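Scroll down for the structure; my scribbles are underneath it.
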Amino acid sequence: MKKLSIIALTTLTFGMISCDMDLMPYDSIPTEEALTTVVGFEEARAGIYAAYTGLTGGSYVLAPEIQADAFNAVADFSNKYGDIYRWMFESTYSTIESIWANCYGTVGRANFFIDGVQKIEENPEIELTDIQKKQINVYEGEAYFTRAYCYFYLATLFCRDYDPITAASIPGLPIQTKYEPKITASQYPGRSSLKDTYQQILDDLEEAEIRIETAISGIIDYDRYINGSYVTVNTAPKNCGNYITVDVVKALKARVALQMDDYEKAVEYADDLINSKKYPLMDTVEGFKEIWKNDGGTETIWQIAMTNANDAGVPLGTIFIGYPATKKDYIPTQTLVDLYATEDIRLATYFGKYHLTVSSGNAADIYFFNKYPGNDYYNALGNETRYLNQPKPFRIAEMYLIAAEANARIGTSISVEKGKEAINNLKKARIPGFTEGTYDKESLLNEVMNERERELVGEGYRLMDLKRWGRGVTRGKAQSAGLILFPGQTTTDGLDRPADDQRMVWPIPKSEMDANPQLTGQQNPGY
């Protein structure tokens, strides 16, 4: 059977992620008829948004977190993410293959949409009103953002950390930016340089911002503003929730700039969002829990809405809380728990107390991870959606942390003072009675590293952070050795891997290597 590159499949099929919002499946629409009306573009747009219920939940968040240092596998765990937890994964690991395939599948959706806009602009027989053209222009911006989002996510896992000095000479991603249904194996893309990969991401974000700003100027009619995101009246596809706004684009630009060591830009973008005052930090236990329990609060920049069982994403809480509740796969390390002050509202929100007994008979009182307790609405839908909450890919707390880290890296006395202000403001919101700390450059950086773990644990950033800081992974000590899998071993709580370990970078899936001749000799080292 002929093998096909997943990258090539992004030009051929879009069936890997679907939900009720795909009112007409992409693979059933003839290309020449697909995008000729506003309705067609709205349906295509809905398919792009549908992809985010997958891309921001499940293994996309959990796999890099479990690989890192903050969680220990329970003695009788189900082996969910077992290979990546033990650092024994190879290029055939199904989780990595699925992440690669679905990200490129979403890139394909975006390419199809962007090319469709270009074709409609070139076709004099298709008549659209000015308002319709401007609506489609905004949708196109969302497609550019989506392509940037996927490429950046893949780059943080499948590529080495970005260093401006070496980026032009180390491998990035295979980049596909056109919908080309007749592409052949000889035309599949090989890996670009990491510099070119990130330049594509930056270019797409610029295109996204230019187009989405149309919405801010009043071209599209809005009726309400929820959690920092506008929800449209006349243009919203069914079952979609909070939309990609200019603020969402800016948040990703801040994240990318930090990863690229472009600290001045990172500060600029993060400060713009902080100073807008649109997303005030929650400073009480009740308010902070509202973010995670009921998908509320005021500090979420973008939240992926899910309105029924058919468009619900993948739970993030199940492996930590268990179903039934006595079955837990992973528990926080004692090292993680010890990072929090007793009065920290995150300790009361992210963790719960539990008396855990494992099959050996060992038992102890422990903290379990309760950041994703499940919105009651989703819990009522059945077992498959238990412990399911709306994903929150961008929160204002991350912007405070980006501002603090970037200012610390700039390293002038003025910037360090600004970084101190950012970290102190976040900590004041999280710790009642907090007394502001005094930092020099190095102590500020250390505090930022600790604070990113306190604030963002379980959100999918930890492996990316450790790579950016040039650190390896040293797994934290167990809360109780008798409860965890094979205590003391180098693949469990004794794991200690250096920054240059091959598995700090994920392998290009073997299926992709076999199908794409342009990737010959381009696999990441060690696989």
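Identifiers in the structure tokens: chain A, B, ... in order shown; residue index from 1 per chain; ligand index from 1 in order shown.
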- Enumerate, as a count of residues only, the complete set of residues in range 3-216 of chain A that a backbone-based DSSP assignment places in strand (DSSP E). 10
With range 459-464 of chain A as the partner and 9 Å as the cut-off, tabulate the residues of range 107-224 of chain A that qualify, each row holding the nearest pair of atoms and their distance in Å to one decimal, using only C-alpha atoms, sorted by chain and rising number, as a tab-separated table.
residue	atom	partner	partner_atom	distance
A:Thr156	CA	A:Met464	CA	6.0
A:Leu157	CA	A:Met464	CA	7.2
A:Asp161	CA	A:Met464	CA	8.2
Dump of C-alpha atoms for the selected residues, as a PDB file, in the first residue's frame:
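What ended up in result-v8.pdb:
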ATOM      1  CA  THR A 156       8.528  23.417  21.069  1.00  0.00           C
ATOM      2  CA  LEU A 157       8.357  19.607  21.177  1.00  0.00           C
ATOM      3  CA  ASP A 161      15.198  25.191  21.864  1.00  0.00           C
TER       4      ASP A 161
END
- Message: Would you pick out the contacts of range 75-88 of chain A at 10 Å or less, using only C-alpha atoms, so that residues sharing its chain but fewer than 3 positions from it are not included, and give the list as a PyMOL selection string?
- Response: chain A and resi 59+62-69+71-72+93+95-96+319+327-330+357-360+362+481-487+489-493+495+497+502-504
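Between CA of Lys510 in chain A and CA of Trp100 in chain A the separation is 11.0 Å.
Proximity to Thr284 in chain A was assessed for A:Arg191, A:Lys265, A:Lys178, A:Arg346 counting only C-alpha atoms; the smallest distance is recorded for A:Arg346.
Residues in contact range of range 132-134 of chain A, defined as at most 8 Å between only C-alpha atoms, with sequence neighbours fewer than 4 positions away removed, read Val38, Leu128, Val138, Thr214 and Ile219 of chain A.
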Selection above as a file: all heavy atoms, as a short mmCIF file (atom, residue, chain, number, x, y, z; two decimals), in the first residue's frame:
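Dumped to part.cif:
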data_model
loop_
_atom_site.label_atom_id
_atom_site.label_comp_id
_atom_site.auth_asym_id
_atom_site.auth_seq_id
_atom_site.Cartn_x
_atom_site.Cartn_y
_atom_site.Cartn_z
N VAL A 38 -20.46 32.96 1.76
CA VAL A 38 -20.20 33.23 3.17
C VAL A 38 -20.55 32.02 4.01
O VAL A 38 -19.84 31.68 4.97
CB VAL A 38 -20.99 34.47 3.63
CG1 VAL A 38 -20.91 34.62 5.14
CG2 VAL A 38 -20.43 35.72 2.97
N LEU A 128 -19.70 39.19 -3.59
CA LEU A 128 -19.86 39.32 -2.15
C LEU A 128 -20.00 40.80 -1.82
O LEU A 128 -19.38 41.66 -2.47
CB LEU A 128 -18.67 38.73 -1.40
CG LEU A 128 -18.40 37.24 -1.57
CD1 LEU A 128 -17.08 36.87 -0.90
CD2 LEU A 128 -19.52 36.41 -0.98
N VAL A 138 -11.71 38.51 8.39
CA VAL A 138 -11.48 38.17 9.80
C VAL A 138 -11.30 36.66 9.95
O VAL A 138 -10.40 36.19 10.65
CB VAL A 138 -12.65 38.66 10.67
CG1 VAL A 138 -12.49 38.15 12.10
CG2 VAL A 138 -12.71 40.18 10.66
N THR A 214 -9.96 43.96 12.00
CA THR A 214 -11.19 44.40 11.34
C THR A 214 -12.37 44.30 12.29
O THR A 214 -13.27 45.14 12.28
CB THR A 214 -11.45 43.52 10.10
OG1 THR A 214 -10.33 43.56 9.23
CG2 THR A 214 -12.69 44.01 9.36
N ILE A 219 -16.65 46.12 12.13
CA ILE A 219 -17.18 45.52 10.91
C ILE A 219 -18.16 44.41 11.24
O ILE A 219 -19.19 44.24 10.61
CB ILE A 219 -16.04 44.99 10.03
CG1 ILE A 219 -15.14 46.14 9.59
CG2 ILE A 219 -16.58 44.24 8.82
CD1 ILE A 219 -15.87 47.24 8.85
#
- Query: Could you pull out the helix (DSSP H, G or I) residues of range 221-411 of chain A from DSSP and send them as a PyMOL selection string?
  - Reply: chain A and resi 246-259+263-275+285-293+309-311+318-321+334-337+345-350+376-379+383-385+396-410
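The two atoms in question, CA of Tyr60 in chain A and CA of Tyr279 in chain A, are spaced 25.4 Å apart.
CA of Tyr149 in chain A is positioned 26.3 Å from CA of Thr184 in chain A.
Proximity of A:Asp311, A:Glu447, A:Glu264, A:Asp130 to Tyr49 in chain A, computed with only C-alpha atoms, is greatest for A:Asp311.
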- Note on the structure: The residue from A:Thr36, A:Ser94, A:Thr520, A:Ser193 with the smallest atom-to-atom distance to Ile136 in chain A, counting only C-alpha atoms, is A:Thr36
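Each of A:Gly411, A:Gly141, A:Pro393, A:Pro164 was checked against Ile48 in chain A using only C-alpha atoms; the smallest atom-to-atom distance is that of A:Gly141.
Taking only C-alpha atoms into account, Val249 in chain A lies nearest to A:Phe394 out of the set A:Phe368, A:Trp292, A:Phe394, A:Phe113.
Residues in contact with Glu436 in chain A at 10 Å, where only C-alpha atoms are counted and same-chain residues fewer than 3 positions away are skipped, are listed as Lys420, Glu421, Ile423, Asn424, Asn425, Lys427, Lys428, Gly433 and Tyr439 of chain A.
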